[in-house]
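Q: data33.txt is reproduced below (compact mmCIF, C-alpha atoms).
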```
# COMPACT_ATOMS: atom_id res chain seq x y z
CA MET S 15 0.00 0.00 0.00
CA LYS S 16 1.32 3.44 -0.91
CA ARG S 17 2.17 5.94 1.81
CA ARG S 18 -0.08 8.98 1.40
CA ILE S 19 1.95 12.17 1.78
CA LEU S 20 0.53 15.70 1.79
CA ILE S 21 2.73 18.51 0.43
CA ALA S 22 1.56 21.51 2.48
CA SER S 23 2.65 25.09 1.80
CA PRO S 24 1.65 28.43 3.34
CA VAL S 25 1.22 31.02 0.57
CA LYS S 26 0.93 34.76 1.16
CA ASP S 27 0.84 36.12 -2.39
CA ALA S 28 1.69 34.43 -5.71
CA PHE S 29 3.48 31.14 -6.30
CA PRO S 30 7.11 31.72 -7.36
CA ALA S 31 8.31 30.04 -10.55
CA HIS S 32 10.76 27.75 -8.75
CA TYR S 33 7.90 26.40 -6.63
CA VAL S 34 5.68 25.58 -9.61
CA LYS S 35 8.60 23.94 -11.43
CA ALA S 36 9.48 21.76 -8.43
CA ILE S 37 5.84 20.73 -7.88
CA VAL S 38 5.49 19.63 -11.52
CA GLU S 39 8.74 17.64 -11.35
CA LEU S 40 7.71 16.03 -8.09
CA LEU S 41 4.24 15.02 -9.29
CA MET S 42 5.74 13.54 -12.45
CA ASN S 43 8.40 11.68 -10.46
CA PRO S 44 6.95 10.83 -7.05
CA PRO S 45 9.11 9.04 -4.48
CA PRO S 46 8.81 5.23 -4.75
CA GLY S 47 5.83 3.81 -2.90
CA CYS S 48 4.28 7.22 -2.22
CA GLY S 49 1.08 8.89 -3.33
CA LEU S 50 1.17 12.69 -3.15
CA GLY S 51 -1.46 15.33 -2.46
CA LEU S 52 -1.22 19.13 -2.39
CA MET S 53 -2.66 21.68 0.03
CA HIS S 54 -2.05 25.43 0.36
CA SER S 55 -3.15 27.87 3.04
CA ARG S 56 -3.38 31.65 2.72
CA SER S 57 -4.10 32.20 6.40
CA GLY S 58 -2.87 35.51 7.77
CA GLY S 59 -0.62 33.85 10.35
CA ILE S 60 1.94 31.12 9.73
CA HIS S 61 0.94 29.31 12.92
CA PHE S 62 -2.72 29.28 11.86
CA ALA S 63 -1.73 28.13 8.37
CA ARG S 64 0.19 25.14 9.75
CA ASP S 65 -2.70 24.25 12.06
CA GLN S 66 -5.05 24.28 9.06
CA MET S 67 -2.75 22.13 6.95
CA ALA S 68 -2.26 19.59 9.73
CA ASP S 69 -6.03 19.46 10.22
CA TYR S 70 -6.47 18.84 6.47
CA ALA S 71 -3.93 15.99 6.59
CA LEU S 72 -5.80 14.31 9.44
CA LYS S 73 -9.27 14.77 7.94
CA HIS S 74 -8.13 13.27 4.63
CA ASN S 75 -6.20 10.39 6.20
CA TYR S 76 -2.71 11.30 5.03
CA ASP S 77 0.05 9.25 6.63
CA GLU S 78 2.57 12.09 6.61
CA THR S 79 2.80 15.80 5.87
CA ILE S 80 5.71 17.55 4.17
CA PHE S 81 5.77 21.22 5.11
CA TRP S 82 7.43 23.18 2.34
CA ASP S 83 7.79 26.94 2.66
CA ILE S 84 7.78 28.39 -0.82
CA ASP S 85 10.90 30.52 -0.29
CA LEU S 86 12.91 27.29 -0.04
CA ILE S 87 14.22 25.65 -3.21
CA PRO S 88 14.59 21.88 -2.73
CA SER S 89 15.49 19.62 -5.63
CA LEU S 90 13.67 16.48 -6.69
CA ALA S 91 16.47 14.42 -5.12
CA MET S 92 15.92 16.21 -1.79
CA PHE S 93 12.22 15.31 -1.79
CA HIS S 94 13.08 11.70 -2.53
CA ARG S 95 15.66 11.60 0.26
CA LEU S 96 13.24 13.20 2.73
CA CYS S 97 10.59 10.61 1.86
CA SER S 98 13.11 7.76 2.17
CA HIS S 99 13.11 8.28 5.95
CA ASP S 100 9.88 6.32 6.23
CA THR S 101 10.06 5.23 9.89
CA ALA S 102 11.00 8.54 11.52
CA ASP S 103 8.31 10.65 13.23
CA ILE S 104 9.79 14.10 12.48
CA VAL S 105 12.54 14.63 9.89
CA CYS S 106 13.80 18.11 9.08
CA GLY S 107 15.82 19.55 6.25
CA PHE S 108 18.55 22.04 7.00
CA TYR S 109 18.74 25.60 5.72
CA ALA S 110 20.28 28.95 6.46
CA LYS S 111 18.24 31.90 7.59
CA LYS S 112 17.93 34.93 5.34
CA ASP S 113 20.58 36.89 7.22
CA PRO S 114 23.76 38.50 5.88
CA LEU S 115 25.67 36.28 8.33
CA THR S 116 25.24 32.55 7.82
CA HIS S 117 23.00 31.31 10.63
CA PHE S 118 21.11 28.03 10.89
CA ASN S 119 17.81 27.24 12.58
CA VAL S 120 19.03 24.22 14.53
CA GLN S 121 20.22 23.27 17.98
CA GLN S 122 21.95 19.94 18.51
CA ILE S 123 21.68 17.64 21.49
CA THR S 124 25.31 17.41 22.56
CA SER S 125 25.35 13.65 23.08
CA ALA S 126 23.66 12.81 19.78
CA THR S 127 25.57 11.18 16.92
CA PRO S 128 24.34 10.51 13.37
CA ASP S 129 22.69 7.15 12.74
CA PRO S 130 25.18 5.12 10.66
CA THR S 131 22.43 3.78 8.39
CA THR S 132 20.22 6.81 7.77
CA GLY S 133 22.58 9.69 8.55
CA LEU S 134 19.91 11.27 10.76
CA ILE S 135 20.89 13.04 13.95
CA GLU S 136 18.63 13.85 16.89
CA VAL S 137 18.37 17.57 17.62
CA SER S 138 16.51 19.54 20.26
CA ARG S 139 15.01 21.91 17.72
CA CYS S 140 15.25 22.94 14.09
CA ALA S 141 13.24 24.82 11.51
CA ILE S 142 10.26 22.92 10.06
CA GLY S 143 9.93 24.84 6.80
CA PHE S 144 11.16 21.73 4.96
CA SER S 145 10.16 18.78 7.12
CA LYS S 146 8.19 15.53 7.08
CA ILE S 147 5.92 14.82 10.05
CA ASN S 148 3.99 11.62 10.64
CA SER S 149 0.30 12.09 11.37
CA ARG S 150 0.65 10.09 14.57
CA VAL S 151 2.57 13.07 16.01
CA PHE S 152 -0.40 15.39 15.41
CA ARG S 153 -2.84 12.86 16.87
CA LYS S 154 -0.77 12.33 20.02
CA ILE S 155 -0.35 16.07 20.67
CA ILE S 156 -4.10 16.61 20.18
CA ALA S 157 -4.86 13.79 22.62
CA ASP S 158 -2.38 15.16 25.15
CA THR S 159 -3.48 18.83 24.94
CA PRO S 160 -7.29 18.99 24.69
CA ASP S 161 -7.14 22.53 26.12
CA ARG S 162 -5.56 23.78 22.87
CA ALA S 163 -8.73 23.37 20.77
CA TYR S 164 -10.00 26.61 19.22
CA ASN S 165 -12.39 27.90 16.55
CA LEU S 166 -11.36 30.06 13.58
CA MET S 167 -13.63 31.84 11.11
CA ASN S 168 -12.05 31.39 7.68
CA GLU S 169 -12.77 33.61 4.69
CA GLY S 170 -15.97 32.58 2.91
CA GLU S 171 -17.23 30.42 5.77
CA SER S 172 -20.58 30.94 7.46
CA ARG S 173 -19.48 29.44 10.78
CA PRO S 174 -16.18 28.92 12.63
CA THR S 175 -14.12 25.81 11.95
CA PRO S 176 -12.67 23.85 14.90
CA TYR S 177 -8.88 23.48 14.93
CA HIS S 178 -6.19 22.45 17.37
CA GLN S 179 -3.23 24.64 18.25
CA LEU S 180 -0.31 22.47 17.14
CA PHE S 181 2.02 25.29 16.06
CA PRO S 182 1.76 28.06 18.68
CA SER S 183 3.86 31.20 18.39
CA GLU S 184 4.74 32.30 21.90
CA LEU S 185 6.34 35.00 24.02
CA ILE S 186 8.47 33.79 26.92
CA GLU S 187 10.75 35.40 29.49
CA SER S 188 14.39 34.35 29.17
CA GLU S 189 14.68 35.17 32.88
CA PRO S 190 12.11 36.45 35.37
CA GLY S 191 11.55 40.14 34.73
CA LYS S 192 13.75 40.16 31.62
CA LEU S 193 12.82 41.06 28.06
CA ARG S 194 10.41 38.57 26.56
CA LEU S 195 11.47 36.57 23.51
CA TYR S 196 9.28 35.81 20.51
CA LEU S 197 9.39 32.12 19.65
CA GLY S 198 7.86 31.11 16.33
CA GLU S 199 5.68 28.15 15.41
CA ASP S 200 8.75 25.93 14.89
CA TYR S 201 9.68 26.20 18.56
CA GLY S 202 6.08 25.94 19.74
CA PHE S 203 5.39 22.76 17.78
CA LEU S 204 8.63 21.08 18.85
CA ARG S 205 7.96 21.93 22.49
CA LEU S 206 4.55 20.23 22.29
CA ALA S 207 6.03 17.30 20.34
CA ASP S 208 8.74 16.87 22.97
CA GLN S 209 6.13 16.81 25.74
CA SER S 210 4.29 14.06 23.81
CA GLY S 211 7.45 11.97 23.44
CA PHE S 212 8.73 12.94 19.97
CA ARG S 213 12.16 14.32 19.06
CA PRO S 214 13.05 15.83 15.67
CA LEU S 215 15.68 14.20 13.49
CA LEU S 216 17.83 16.32 11.20
CA ASP S 217 19.29 15.10 7.90
CA PRO S 218 22.45 17.23 7.41
CA GLN S 219 22.55 16.16 3.75
CA LEU S 220 19.30 18.02 3.16
CA LEU S 221 20.89 21.46 2.97
CA VAL S 222 18.14 23.39 1.21
CA PRO S 223 18.80 26.70 -0.63
CA HIS S 224 16.77 29.60 0.79
CA LEU S 225 15.85 32.77 -1.07
CA GLY S 226 17.63 35.67 0.56
CA GLU S 227 21.11 36.95 1.20
CA CYS S 228 22.86 33.71 2.09
CA ALA S 229 25.10 32.36 -0.69
CA PHE S 230 25.21 28.69 -1.66
CA PRO S 231 27.03 26.36 -1.59
CA ILE S 232 28.06 26.78 2.02
CA ASP S 233 31.54 25.82 3.20
CA THR S 234 31.57 22.40 4.90
CA ASP S 235 33.38 23.69 8.00
CA VAL S 236 30.74 26.38 8.43
CA LEU S 237 27.99 23.77 8.04
CA LEU S 238 29.43 21.41 10.67
CA LYS S 239 30.08 24.24 13.10
CA ALA S 240 26.45 25.31 12.77
CA LEU S 241 25.26 21.99 14.22
CA ALA S 242 26.45 23.19 17.61
CA GLU S 243 24.99 26.70 17.36
CA ASN S 244 22.15 27.95 19.49
CA TRP S 245 19.08 28.86 17.49
CA ARG S 246 17.92 32.41 18.16
CA GLN S 247 19.66 32.32 21.55
CA THR S 248 16.61 30.55 22.98
CA PRO S 249 16.62 28.33 26.06
CA PRO S 250 16.72 24.56 25.53
CA LEU S 251 13.52 22.57 25.50
CA PRO S 252 12.51 21.40 28.99
```
Any chance you could put this one into structure tokens?
A:
Amino acid sequence: MKRRILIASPVKDAFPAHYVKAIVELLMNPPPGCGLGLMHSRSGGIHFARDQMADYALKHNYDETIFWDIDLIPSLAMFHRLCSHDTADIVCGFYAKKDPLTHFNVQQITSATPDPTTGLIEVSRCAIGFSKINSRVFRKIIADTPDRAYNLMNEGESRPTPYHQLFPSELIESEPGKLRLYLGEDYGFLRLADQSGFRPLLDPQLLVPHLGECAFPIDTDVLLKALAENWRQTPPLP
């Protein structure tokens, strides 16, 4: 039986040409043993958009969801490699932020080493803009956090739609009384996933080009050093 995988993308304005090209290539050459579906959300907030896409994946019985932010430029080979990790709960690609200085959205668990077979390494957090998440993760978080249910009135609807807050953006205090830090939906989702018993796995070979000021390819020494960097200077997951 084919694994059903949803390609889910938040879209603010138009679809860039590289996105359309990659989608066509992917649909014409799907990963072996996989059936693909597409879903886009134009929600005003990225956290709401991801909640909506996860809800769509569950309602339509997809086995996994690939989140693909449209300012990332993965190749067909990257999609195939991401899908080859068929037993992992959360697998993330690896990309630089759009900063003049090379900076990566990842924080490594010091004791973790790459799996010799898959090359995956356990991390405490990473960006989920190019990631594959098994639907069982969503179901477990929903079961563990019933208090995070909410209703959202979408454009064109006559009544609110029930959702679950899986990707919360949050403000936290780094220290009592100190300046509060904004933590995006990546951090919020991984915090909930961690509480439900799931850790993200990073594939360092999935170094995805990102539209912005960072130049590719990136020097290998810089890439390896980044695995030990703190992401956004945020505290570690509890």
Q: Can you pull out the residues contacting Pro128 of chain S? Cut-off 10 Å, using only C-alpha atoms, and skip same-chain residues under 6 positions away; I want them as JSON, numbers by chain.
A: {"S": [134, 135, 136, 215, 216, 217, 218]}
Q: Around all the atoms of segment 75-83 of chain S listed in the file, draw an axis-aligned box and extend it by 4 Å on each of the six sides; I want its centre and edge lengths in Å to one decimal, as AutoDock Vina command-line options.
A:
```
--center_x 0.8 --center_y 18.1 --center_z 4.5 --size_x 22.0 --size_y 25.7 --size_z 12.3
```
Q: From the set S:Asp77, S:Asp69, S:Asp200, S:Glu39, which residue has the shortest atom-to-atom contact distance to Val120 of chain S, counting only C-alpha atoms?
A: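 That would be S:Asp200, the residue with the smallest distance to Val120 of chain S.
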Q: Could you jot down the atom CA of Met92 of chain S to atom CA of His32 of chain S separation for me, Å, one decimal place?
A: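 Distance between the two atoms: 14.4 Å.
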Q: Using all atoms listed in the file, which of S:Leu166, S:Leu197, S:Ile155, S:Leu20 sits nearest Leu180 of chain S?
A: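 Closest residue, counting all atoms listed in the file: S:Ile155.
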Q: Could segment 76-95 of chain S be completed with N, CA, C and O atoms and returned as a CSV table (one decimal), in the coordinates of the input?
A:
```csv
chain,number,residue,atom,x,y,z
S,76,TYR,N,-4.1,11.4,5.5
S,76,TYR,CA,-2.7,11.3,5.0
S,76,TYR,C,-1.8,10.7,6.1
S,76,TYR,O,-2.0,10.9,7.3
S,77,ASP,N,-0.9,9.9,5.7
S,77,ASP,CA,0.0,9.2,6.6
S,77,ASP,C,1.1,10.2,7.1
S,77,ASP,O,1.5,10.2,8.3
S,78,GLU,N,1.5,11.1,6.3
S,78,GLU,CA,2.6,12.1,6.6
S,78,GLU,C,2.3,13.4,5.9
S,78,GLU,O,1.6,13.5,4.9
S,79,THR,N,2.9,14.5,6.5
S,79,THR,CA,2.8,15.8,5.9
S,79,THR,C,4.2,16.3,5.7
S,79,THR,O,5.0,16.3,6.6
S,80,ILE,N,4.5,16.8,4.4
S,80,ILE,CA,5.7,17.6,4.2
S,80,ILE,C,5.4,19.0,4.2
S,80,ILE,O,4.6,19.5,3.3
S,81,PHE,N,5.9,19.8,5.1
S,81,PHE,CA,5.8,21.2,5.1
S,81,PHE,C,6.9,21.8,4.2
S,81,PHE,O,8.1,21.5,4.4
S,82,TRP,N,6.5,22.6,3.3
S,82,TRP,CA,7.4,23.2,2.3
S,82,TRP,C,7.1,24.7,2.2
S,82,TRP,O,6.1,25.0,1.6
S,83,ASP,N,7.9,25.5,2.8
S,83,ASP,CA,7.8,26.9,2.7
S,83,ASP,C,8.3,27.3,1.3
S,83,ASP,O,9.4,26.9,0.8
S,84,ILE,N,7.5,28.2,0.6
S,84,ILE,CA,7.8,28.4,-0.8
S,84,ILE,C,9.0,29.3,-1.1
S,84,ILE,O,9.3,29.5,-2.3
S,85,ASP,N,9.6,29.8,-0.1
S,85,ASP,CA,10.9,30.5,-0.3
S,85,ASP,C,12.1,29.6,-0.2
S,85,ASP,O,13.2,30.0,-0.2
S,86,LEU,N,11.9,28.3,0.0
S,86,LEU,CA,12.9,27.3,0.0
S,86,LEU,C,12.9,26.6,-1.4
S,86,LEU,O,11.9,26.5,-2.0
S,87,ILE,N,14.1,26.2,-1.8
S,87,ILE,CA,14.2,25.6,-3.2
S,87,ILE,C,14.8,24.2,-3.2
S,87,ILE,O,16.0,24.0,-3.5
S,88,PRO,N,14.1,23.2,-2.7
S,88,PRO,CA,14.6,21.9,-2.7
S,88,PRO,C,14.6,21.3,-4.1
S,88,PRO,O,13.8,21.7,-5.0
S,89,SER,N,15.5,20.3,-4.4
S,89,SER,CA,15.5,19.6,-5.6
S,89,SER,C,14.6,18.4,-5.5
S,89,SER,O,14.2,17.9,-4.4
S,90,LEU,N,14.4,17.7,-6.7
S,90,LEU,CA,13.7,16.5,-6.7
S,90,LEU,C,14.4,15.4,-5.8
S,90,LEU,O,13.7,14.7,-5.1
S,91,ALA,N,15.7,15.4,-5.9
S,91,ALA,CA,16.5,14.4,-5.1
S,91,ALA,C,16.3,14.7,-3.6
S,91,ALA,O,16.2,13.7,-2.8
S,92,MET,N,16.1,15.9,-3.2
S,92,MET,CA,15.9,16.2,-1.8
S,92,MET,C,14.6,15.7,-1.3
S,92,MET,O,14.5,15.1,-0.2
S,93,PHE,N,13.5,15.9,-2.1
S,93,PHE,CA,12.2,15.3,-1.8
S,93,PHE,C,12.3,13.8,-1.7
S,93,PHE,O,11.7,13.2,-0.7
S,94,HIS,N,13.0,13.2,-2.6
S,94,HIS,CA,13.1,11.7,-2.5
S,94,HIS,C,13.8,11.3,-1.3
S,94,HIS,O,13.5,10.3,-0.7
S,95,ARG,N,14.9,12.0,-0.9
S,95,ARG,CA,15.7,11.6,0.3
S,95,ARG,C,14.8,11.8,1.5
S,95,ARG,O,14.8,11.0,2.4
```
